[in-house]
Amino acid sequence: MKPIPSLFVSAALLRAAMIGTLPLIPLYVQQLSVSQANLAVLAGVTTASMGVANMMTAPYLGRLGDKLGSHRVFVYAVIGAVVSMIPQAFVQHLWQLIVLRCCTGACIGGMMPSMNVLIRKYAPAGMESRTFSYMNSAVLLGGLAGSLGMGAIATGFGLPMIFIVSAILLLMCSLWMRWHVFPVIERDREPVAMAGEREG
């Protein structure tokens, strides 16, 4: 059975974790900033730092995925994002947040590209465009749910909690992939490995 529906769920969880925090970053920057001058610029720099790091690491992680397997790159990227996301709830200075956001962005470069590779691989023949359209809908739904949910969490528990929840969502995404997607990938690899052994 193709793991397309499971990949849609994973994409929604991943987007909720990554996008849900973005609308609240300016408020967090305001809390951390010593000076209230140039808050808009500081918030822009903090938000952009994740995108810049993503842009820099995505090509390298893509090549690594071609070599080692996209699903393996995805796992290590999620671990790295979780490790860099949790400390963001406890930073005391703005520069610490910017550095950690850069680390998170560097890991994101290995997530969605890996997800897209798996979608392309398992999309039904002749339905590739339709599958990617559904994928895009799942991603947008995850971003919407993440933004609304993180706003409610920040209201009830404080801004730092959104980073903890984001890390939990990433872990849920990783576990979901391990339970519902990776077994299919491993089953698909077994016949290839057996064929190679027979040829040898």
# chains A, B, ... in the order shown; residues from 1 in each chain; ligands from 1

call {"tool": "closest_atom_pairs", "arguments": {"of": "segment 106-129 of chain A", "to": "segment 54-74 of chain A", "cutoff": "10 Å", "atoms": "only C-alpha atoms", "output": "tab-separated table"}}
result
residue	atom	partner	partner_atom	distance
A:Ala106	CA	A:Asn54	CA	4.7
A:Cys107	CA	A:Asn54	CA	7.0
A:Ile108	CA	A:Asn54	CA	6.0
A:Gly109	CA	A:Ala58	CA	4.1
A:Gly110	CA	A:Leu61	CA	5.5
A:Met111	CA	A:Phe74	CA	5.1
A:Met112	CA	A:Phe74	CA	8.3
A:Pro113	CA	A:Gly62	CA	7.0
A:Ser114	CA	A:Ser70	CA	4.9
A:Met115	CA	A:Ser70	CA	7.7
A:Asn116	CA	A:Ser70	CA	9.3
A:Val117	CA	A:Ser70	CA	7.1
A:Leu118	CA	A:Ser70	CA	7.5

call {"tool": "write_last_selection", "arguments": {"atoms": "N, CA and C atoms", "output": "compact mmCIF listing (two decimals), in the first residue's frame"}}
result
# COMPACT_ATOMS: atom_id res chain seq x y z
N ALA A 106 18.44 25.64 9.26
CA ALA A 106 19.37 24.74 8.59
C ALA A 106 18.82 23.32 8.52
N CYS A 107 18.08 22.93 9.54
CA CYS A 107 17.49 21.58 9.57
C CYS A 107 16.26 21.48 8.68
N ILE A 108 15.51 22.57 8.56
CA ILE A 108 14.31 22.56 7.73
C ILE A 108 14.65 22.21 6.28
N GLY A 109 15.87 22.61 5.87
CA GLY A 109 16.29 22.32 4.50
C GLY A 109 16.29 20.84 4.17
N GLY A 110 16.25 19.97 5.16
CA GLY A 110 16.22 18.53 4.91
C GLY A 110 14.87 17.90 5.11
N MET A 111 13.85 18.70 5.44
CA MET A 111 12.53 18.14 5.75
C MET A 111 11.60 18.13 4.54
N MET A 112 11.14 19.31 4.13
CA MET A 112 10.17 19.37 3.04
C MET A 112 10.72 18.81 1.73
N PRO A 113 11.99 19.08 1.37
CA PRO A 113 12.51 18.44 0.16
C PRO A 113 12.45 16.91 0.22
N SER A 114 12.78 16.35 1.38
CA SER A 114 12.69 14.90 1.54
C SER A 114 11.26 14.42 1.41
N MET A 115 10.34 15.19 1.98
CA MET A 115 8.92 14.85 1.88
C MET A 115 8.46 14.88 0.42
N ASN A 116 8.91 15.87 -0.32
CA ASN A 116 8.51 15.99 -1.73
C ASN A 116 9.06 14.84 -2.56
N VAL A 117 10.28 14.40 -2.24
CA VAL A 117 10.86 13.26 -2.95
C VAL A 117 10.00 12.01 -2.74
N LEU A 118 9.57 11.80 -1.51
CA LEU A 118 8.75 10.62 -1.21
C LEU A 118 7.38 10.72 -1.87

call {"tool": "residues_around", "arguments": {"residues": "Phe90 of chain A", "least_positions_apart": "6", "cutoff": "12 Å", "atoms": "only C-alpha atoms", "output": "number ranges by chain"}}
result
A: 28, 32, 84, 96-97, 100, 158-164

call {"tool": "write_last_selection", "arguments": {"atoms": "N, CA and C atoms", "output": "compact mmCIF listing (two decimals), in the first residue's frame"}}
result
# COMPACT_ATOMS: atom_id res chain seq x y z
N TYR A 28 7.83 37.90 20.62
CA TYR A 28 8.92 37.33 21.41
C TYR A 28 10.16 38.23 21.35
N LEU A 32 12.35 40.14 24.37
CA LEU A 32 13.78 39.91 24.58
C LEU A 32 14.63 41.15 24.35
N SER A 84 17.30 22.20 18.46
CA SER A 84 17.47 23.65 18.39
C SER A 84 16.20 24.42 18.74
N GLN A 96 20.70 35.03 21.10
CA GLN A 96 20.56 33.58 21.30
C GLN A 96 19.41 33.03 20.46
N LEU A 97 18.31 33.78 20.44
CA LEU A 97 17.16 33.35 19.63
C LEU A 97 17.52 33.32 18.16
N LEU A 100 19.67 30.26 17.35
CA LEU A 100 18.88 29.02 17.39
C LEU A 100 17.91 28.95 16.22
N GLY A 158 1.76 31.37 27.63
CA GLY A 158 2.92 32.22 27.43
C GLY A 158 3.65 31.90 26.14
N LEU A 159 4.35 32.89 25.61
CA LEU A 159 5.05 32.74 24.33
C LEU A 159 6.10 31.62 24.32
N PRO A 160 6.89 31.44 25.37
CA PRO A 160 7.92 30.39 25.30
C PRO A 160 7.35 28.99 25.04
N MET A 161 6.11 28.76 25.46
CA MET A 161 5.54 27.42 25.31
C MET A 161 5.35 27.02 23.85
N ILE A 162 5.25 28.00 22.93
CA ILE A 162 5.02 27.64 21.53
C ILE A 162 6.20 26.84 20.96
N PHE A 163 7.38 27.09 21.46
CA PHE A 163 8.55 26.36 20.96
C PHE A 163 8.56 24.92 21.48
N ILE A 164 8.11 24.72 22.68
CA ILE A 164 7.99 23.36 23.22
C ILE A 164 6.95 22.57 22.43

call {"tool": "residues_around", "arguments": {"residues": "segment 119-130 of chain A", "least_positions_apart": "5", "cutoff": "12 Å", "atoms": "only C-alpha atoms", "output": "list in words"}}
result
Met1, Lys2, Pro3, Ile4, Pro5, Ser6, Leu7, Phe8, Val9, Ser10, Ala11, Ser70, His71, Met112, Pro113, Ser114, Met135, Asn136, Ser137, Val181, Val184, Ile185 and Asp188 of chain A

call {"tool": "atom_distance", "arguments": {"atom1": "atom CA of Val29 of chain A", "atom2": "atom CA of Ser174 of chain A"}}
result
28.9 Å

call {"tool": "atom_distance", "arguments": {"atom1": "atom CA of Ala138 of chain A", "atom2": "atom CA of Ala12 of chain A"}}
result
5.3 Å

call {"tool": "select_by_dssp", "arguments": {"residues": "segment 85-167 of chain A", "states": "alpha helix (DSSP H)", "output": "PDB file with N, CA and C atoms, in the first residue's frame"}}
result
ATOM      1  N   MET A  85      15.048  23.741  18.695  1.00  0.00           N
ATOM      2  CA  MET A  85      13.775  24.421  18.953  1.00  0.00           C
ATOM      3  C   MET A  85      13.510  24.574  20.451  1.00  0.00           C
ATOM      4  N   LEU A  94      18.338  38.277  22.711  1.00  0.00           N
ATOM      5  CA  LEU A  94      17.844  38.172  21.345  1.00  0.00           C
ATOM      6  C   LEU A  94      18.829  37.440  20.444  1.00  0.00           C
ATOM      7  N   TRP A  95      20.127  37.671  20.623  1.00  0.00           N
ATOM      8  CA  TRP A  95      21.108  37.014  19.760  1.00  0.00           C
ATOM      9  C   TRP A  95      21.047  35.498  19.903  1.00  0.00           C
ATOM     10  N   GLN A  96      20.697  35.026  21.103  1.00  0.00           N
ATOM     11  CA  GLN A  96      20.557  33.582  21.298  1.00  0.00           C
ATOM     12  C   GLN A  96      19.405  33.029  20.462  1.00  0.00           C
ATOM     13  N   LEU A  97      18.306  33.776  20.435  1.00  0.00           N
ATOM     14  CA  LEU A  97      17.162  33.354  19.629  1.00  0.00           C
ATOM     15  C   LEU A  97      17.524  33.318  18.157  1.00  0.00           C
ATOM     16  N   ILE A  98      18.248  34.330  17.683  1.00  0.00           N
ATOM     17  CA  ILE A  98      18.613  34.386  16.265  1.00  0.00           C
ATOM     18  C   ILE A  98      19.499  33.202  15.890  1.00  0.00           C
ATOM     19  N   VAL A  99      20.464  32.884  16.740  1.00  0.00           N
ATOM     20  CA  VAL A  99      21.357  31.749  16.459  1.00  0.00           C
ATOM     21  C   VAL A  99      20.566  30.445  16.406  1.00  0.00           C
ATOM     22  N   LEU A 100      19.671  30.256  17.354  1.00  0.00           N
ATOM     23  CA  LEU A 100      18.877  29.023  17.387  1.00  0.00           C
ATOM     24  C   LEU A 100      17.910  28.946  16.215  1.00  0.00           C
ATOM     25  N   ARG A 101      17.356  30.090  15.795  1.00  0.00           N
ATOM     26  CA  ARG A 101      16.479  30.089  14.625  1.00  0.00           C
ATOM     27  C   ARG A 101      17.270  29.710  13.372  1.00  0.00           C
ATOM     28  N   CYS A 102      18.520  30.159  13.300  1.00  0.00           N
ATOM     29  CA  CYS A 102      19.383  29.757  12.183  1.00  0.00           C
ATOM     30  C   CYS A 102      19.589  28.241  12.177  1.00  0.00           C
ATOM     31  N   CYS A 103      19.839  27.683  13.338  1.00  0.00           N
ATOM     32  CA  CYS A 103      20.030  26.232  13.439  1.00  0.00           C
ATOM     33  C   CYS A 103      18.774  25.482  13.018  1.00  0.00           C
ATOM     34  N   THR A 104      17.620  25.980  13.435  1.00  0.00           N
ATOM     35  CA  THR A 104      16.362  25.352  13.041  1.00  0.00           C
ATOM     36  C   THR A 104      16.168  25.434  11.535  1.00  0.00           C
ATOM     37  N   GLY A 105      16.444  26.603  10.960  1.00  0.00           N
ATOM     38  CA  GLY A 105      16.304  26.769   9.516  1.00  0.00           C
ATOM     39  C   GLY A 105      17.224  25.851   8.734  1.00  0.00           C
ATOM     40  N   ALA A 106      18.437  25.641   9.261  1.00  0.00           N
ATOM     41  CA  ALA A 106      19.371  24.735   8.592  1.00  0.00           C
ATOM     42  C   ALA A 106      18.816  23.320   8.522  1.00  0.00           C
ATOM     43  N   CYS A 107      18.081  22.929   9.545  1.00  0.00           N
ATOM     44  CA  CYS A 107      17.490  21.582   9.570  1.00  0.00           C
ATOM     45  C   CYS A 107      16.255  21.485   8.676  1.00  0.00           C
ATOM     46  N   ILE A 108      15.510  22.569   8.558  1.00  0.00           N
ATOM     47  CA  ILE A 108      14.305  22.557   7.725  1.00  0.00           C
ATOM     48  C   ILE A 108      14.652  22.214   6.278  1.00  0.00           C
ATOM     49  N   MET A 112      11.145  19.314   4.131  1.00  0.00           N
ATOM     50  CA  MET A 112      10.173  19.366   3.042  1.00  0.00           C
ATOM     51  C   MET A 112      10.717  18.810   1.729  1.00  0.00           C
ATOM     52  N   PRO A 113      11.994  19.080   1.368  1.00  0.00           N
ATOM     53  CA  PRO A 113      12.507  18.436   0.160  1.00  0.00           C
ATOM     54  C   PRO A 113      12.446  16.910   0.220  1.00  0.00           C
ATOM     55  N   SER A 114      12.779  16.355   1.382  1.00  0.00           N
ATOM     56  CA  SER A 114      12.694  14.902   1.537  1.00  0.00           C
ATOM     57  C   SER A 114      11.256  14.424   1.414  1.00  0.00           C
ATOM     58  N   MET A 115      10.337  15.192   1.977  1.00  0.00           N
ATOM     59  CA  MET A 115       8.918  14.852   1.877  1.00  0.00           C
ATOM     60  C   MET A 115       8.457  14.879   0.422  1.00  0.00           C
ATOM     61  N   ASN A 116       8.908  15.873  -0.322  1.00  0.00           N
ATOM     62  CA  ASN A 116       8.514  15.992  -1.726  1.00  0.00           C
ATOM     63  C   ASN A 116       9.059  14.839  -2.563  1.00  0.00           C
ATOM     64  N   VAL A 117      10.283  14.401  -2.240  1.00  0.00           N
ATOM     65  CA  VAL A 117      10.860  13.260  -2.953  1.00  0.00           C
ATOM     66  C   VAL A 117      10.001  12.010  -2.743  1.00  0.00           C
ATOM     67  N   LEU A 118       9.565  11.795  -1.510  1.00  0.00           N
ATOM     68  CA  LEU A 118       8.751  10.620  -1.206  1.00  0.00           C
ATOM     69  C   LEU A 118       7.376  10.723  -1.867  1.00  0.00           C
ATOM     70  N   ILE A 119       6.803  11.920  -1.896  1.00  0.00           N
ATOM     71  CA  ILE A 119       5.518  12.115  -2.578  1.00  0.00           C
ATOM     72  C   ILE A 119       5.660  11.782  -4.054  1.00  0.00           C
ATOM     73  N   ARG A 120       6.716  12.263  -4.668  1.00  0.00           N
ATOM     74  CA  ARG A 120       6.936  11.998  -6.092  1.00  0.00           C
ATOM     75  C   ARG A 120       7.144  10.511  -6.337  1.00  0.00           C
ATOM     76  N   LYS A 121       7.841   9.849  -5.437  1.00  0.00           N
ATOM     77  CA  LYS A 121       8.138   8.432  -5.618  1.00  0.00           C
ATOM     78  C   LYS A 121       6.890   7.568  -5.539  1.00  0.00           C
ATOM     79  N   TYR A 122       5.987   7.912  -4.612  1.00  0.00           N
ATOM     80  CA  TYR A 122       4.831   7.049  -4.372  1.00  0.00           C
ATOM     81  C   TYR A 122       3.534   7.580  -4.973  1.00  0.00           C
ATOM     82  N   GLU A 128       0.365  12.481 -10.693  1.00  0.00           N
ATOM     83  CA  GLU A 128       1.393  13.213  -9.952  1.00  0.00           C
ATOM     84  C   GLU A 128       0.949  14.635  -9.604  1.00  0.00           C
ATOM     85  N   SER A 129       0.390  15.337 -10.586  1.00  0.00           N
ATOM     86  CA  SER A 129      -0.032  16.722 -10.338  1.00  0.00           C
ATOM     87  C   SER A 129      -1.134  16.784  -9.290  1.00  0.00           C
ATOM     88  N   ARG A 130      -2.080  15.852  -9.386  1.00  0.00           N
ATOM     89  CA  ARG A 130      -3.173  15.817  -8.420  1.00  0.00           C
ATOM     90  C   ARG A 130      -2.652  15.512  -7.019  1.00  0.00           C
ATOM     91  N   THR A 131      -1.692  14.597  -6.931  1.00  0.00           N
ATOM     92  CA  THR A 131      -1.128  14.245  -5.627  1.00  0.00           C
ATOM     93  C   THR A 131      -0.424  15.439  -4.990  1.00  0.00           C
ATOM     94  N   PHE A 132       0.339  16.179  -5.798  1.00  0.00           N
ATOM     95  CA  PHE A 132       1.016  17.354  -5.259  1.00  0.00           C
ATOM     96  C   PHE A 132       0.018  18.453  -4.886  1.00  0.00           C
ATOM     97  N   SER A 133      -1.109  18.507  -5.572  1.00  0.00           N
ATOM     98  CA  SER A 133      -2.145  19.475  -5.198  1.00  0.00           C
ATOM     99  C   SER A 133      -2.724  19.140  -3.829  1.00  0.00           C
ATOM    100  N   TYR A 134      -2.994  17.864  -3.605  1.00  0.00           N
ATOM    101  CA  TYR A 134      -3.470  17.435  -2.286  1.00  0.00           C
ATOM    102  C   TYR A 134      -2.409  17.688  -1.216  1.00  0.00           C
ATOM    103  N   MET A 135      -1.161  17.447  -1.591  1.00  0.00           N
ATOM    104  CA  MET A 135      -0.053  17.707  -0.663  1.00  0.00           C
ATOM    105  C   MET A 135      -0.018  19.181  -0.273  1.00  0.00           C
ATOM    106  N   ASN A 136      -0.191  20.048  -1.257  1.00  0.00           N
ATOM    107  CA  ASN A 136      -0.187  21.477  -0.986  1.00  0.00           C
ATOM    108  C   ASN A 136      -1.340  21.868  -0.076  1.00  0.00           C
ATOM    109  N   SER A 137      -2.488  21.243  -0.277  1.00  0.00           N
ATOM    110  CA  SER A 137      -3.638  21.517   0.587  1.00  0.00           C
ATOM    111  C   SER A 137      -3.355  21.086   2.023  1.00  0.00           C
ATOM    112  N   ALA A 138      -2.714  19.927   2.178  1.00  0.00           N
ATOM    113  CA  ALA A 138      -2.366  19.450   3.519  1.00  0.00           C
ATOM    114  C   ALA A 138      -1.376  20.396   4.195  1.00  0.00           C
ATOM    115  N   VAL A 139      -0.422  20.899   3.431  1.00  0.00           N
ATOM    116  CA  VAL A 139       0.567  21.832   3.971  1.00  0.00           C
ATOM    117  C   VAL A 139      -0.102  23.128   4.421  1.00  0.00           C
ATOM    118  N   LEU A 140      -0.997  23.656   3.587  1.00  0.00           N
ATOM    119  CA  LEU A 140      -1.692  24.898   3.940  1.00  0.00           C
ATOM    120  C   LEU A 140      -2.592  24.700   5.163  1.00  0.00           C
ATOM    121  N   LEU A 141      -3.247  23.552   5.224  1.00  0.00           N
ATOM    122  CA  LEU A 141      -4.083  23.257   6.378  1.00  0.00           C
ATOM    123  C   LEU A 141      -3.249  23.171   7.649  1.00  0.00           C
ATOM    124  N   GLY A 142      -2.085  22.551   7.547  1.00  0.00           N
ATOM    125  CA  GLY A 142      -1.190  22.476   8.701  1.00  0.00           C
ATOM    126  C   GLY A 142      -0.720  23.846   9.150  1.00  0.00           C
ATOM    127  N   GLY A 143      -0.401  24.713   8.179  1.00  0.00           N
ATOM    128  CA  GLY A 143       0.018  26.067   8.532  1.00  0.00           C
ATOM    129  C   GLY A 143      -1.089  26.851   9.205  1.00  0.00           C
ATOM    130  N   LEU A 144      -2.314  26.689   8.709  1.00  0.00           N
ATOM    131  CA  LEU A 144      -3.462  27.377   9.318  1.00  0.00           C
ATOM    132  C   LEU A 144      -3.703  26.886  10.741  1.00  0.00           C
ATOM    133  N   ALA A 145      -3.728  25.558  10.898  1.00  0.00           N
ATOM    134  CA  ALA A 145      -3.964  24.996  12.237  1.00  0.00           C
ATOM    135  C   ALA A 145      -2.836  25.360  13.191  1.00  0.00           C
ATOM    136  N   GLY A 146      -1.599  25.353  12.678  1.00  0.00           N
ATOM    137  CA  GLY A 146      -0.468  25.697  13.524  1.00  0.00           C
ATOM    138  C   GLY A 146      -0.510  27.131  14.004  1.00  0.00           C
ATOM    139  N   SER A 147      -0.842  28.058  13.108  1.00  0.00           N
ATOM    140  CA  SER A 147      -0.900  29.474  13.487  1.00  0.00           C
ATOM    141  C   SER A 147      -1.988  29.725  14.521  1.00  0.00           C
ATOM    142  N   LEU A 148      -3.177  29.147  14.284  1.00  0.00           N
ATOM    143  CA  LEU A 148      -4.277  29.339  15.238  1.00  0.00           C
ATOM    144  C   LEU A 148      -3.971  28.663  16.572  1.00  0.00           C
ATOM    145  N   GLY A 149      -3.447  27.454  16.492  1.00  0.00           N
ATOM    146  CA  GLY A 149      -3.158  26.713  17.719  1.00  0.00           C
ATOM    147  C   GLY A 149      -2.063  27.356  18.549  1.00  0.00           C
ATOM    148  N   MET A 150      -1.002  27.807  17.882  1.00  0.00           N
ATOM    149  CA  MET A 150       0.090  28.448  18.621  1.00  0.00           C
ATOM    150  C   MET A 150      -0.365  29.757  19.248  1.00  0.00           C
ATOM    151  N   GLY A 151      -1.256  30.468  18.560  1.00  0.00           N
ATOM    152  CA  GLY A 151      -1.797  31.696  19.145  1.00  0.00           C
ATOM    153  C   GLY A 151      -2.561  31.414  20.424  1.00  0.00           C
ATOM    154  N   ALA A 152      -3.361  30.355  20.398  1.00  0.00           N
ATOM    155  CA  ALA A 152      -4.117  29.984  21.598  1.00  0.00           C
ATOM    156  C   ALA A 152      -3.178  29.533  22.718  1.00  0.00           C
ATOM    157  N   ILE A 153      -2.143  28.785  22.364  1.00  0.00           N
ATOM    158  CA  ILE A 153      -1.182  28.308  23.369  1.00  0.00           C
ATOM    159  C   ILE A 153      -0.434  29.478  23.997  1.00  0.00           C
ATOM    160  N   ALA A 154      -0.012  30.427  23.152  1.00  0.00           N
ATOM    161  CA  ALA A 154       0.699  31.598  23.672  1.00  0.00           C
ATOM    162  C   ALA A 154      -0.183  32.413  24.602  1.00  0.00           C
ATOM    163  N   THR A 155      -1.469  32.502  24.276  1.00  0.00           N
ATOM    164  CA  THR A 155      -2.400  33.247  25.117  1.00  0.00           C
ATOM    165  C   THR A 155      -2.588  32.578  26.471  1.00  0.00           C
ATOM    166  N   GLY A 156      -2.685  31.258  26.455  1.00  0.00           N
ATOM    167  CA  GLY A 156      -2.964  30.538  27.691  1.00  0.00           C
ATOM    168  C   GLY A 156      -1.751  30.208  28.531  1.00  0.00           C
ATOM    169  N   PHE A 157      -0.596  29.996  27.879  1.00  0.00           N
ATOM    170  CA  PHE A 157       0.570  29.496  28.609  1.00  0.00           C
ATOM    171  C   PHE A 157       1.826  30.350  28.446  1.00  0.00           C
ATOM    172  N   MET A 161       6.106  28.761  25.456  1.00  0.00           N
ATOM    173  CA  MET A 161       5.535  27.421  25.306  1.00  0.00           C
ATOM    174  C   MET A 161       5.347  27.024  23.847  1.00  0.00           C
ATOM    175  N   ILE A 162       5.251  27.996  22.929  1.00  0.00           N
ATOM    176  CA  ILE A 162       5.019  27.637  21.527  1.00  0.00           C
ATOM    177  C   ILE A 162       6.202  26.845  20.959  1.00  0.00           C
ATOM    178  N   PHE A 163       7.383  27.086  21.461  1.00  0.00           N
ATOM    179  CA  PHE A 163       8.554  26.364  20.960  1.00  0.00           C
ATOM    180  C   PHE A 163       8.565  24.918  21.477  1.00  0.00           C
ATOM    181  N   ILE A 164       8.108  24.724  22.684  1.00  0.00           N
ATOM    182  CA  ILE A 164       7.989  23.365  23.223  1.00  0.00           C
ATOM    183  C   ILE A 164       6.954  22.569  22.432  1.00  0.00           C
ATOM    184  N   VAL A 165       5.818  23.194  22.173  1.00  0.00           N
ATOM    185  CA  VAL A 165       4.758  22.523  21.407  1.00  0.00           C
ATOM    186  C   VAL A 165       5.237  22.238  19.992  1.00  0.00           C
ATOM    187  N   SER A 166       5.964  23.162  19.405  1.00  0.00           N
ATOM    188  CA  SER A 166       6.502  22.947  18.064  1.00  0.00           C
ATOM    189  C   SER A 166       7.437  21.742  18.032  1.00  0.00           C
ATOM    190  N   ALA A 167       8.279  21.615  19.054  1.00  0.00           N
ATOM    191  CA  ALA A 167       9.176  20.459  19.133  1.00  0.00           C
ATOM    192  C   ALA A 167       8.379  19.165  19.280  1.00  0.00           C
TER     193      ALA A 167
END

call {"tool": "closest_residue", "arguments": {"among": "A:Val34, A:Val52, A:Leu13, A:Ala81", "to": "Leu175 of chain A", "atoms": "only C-alpha atoms"}}
result
A:Leu13
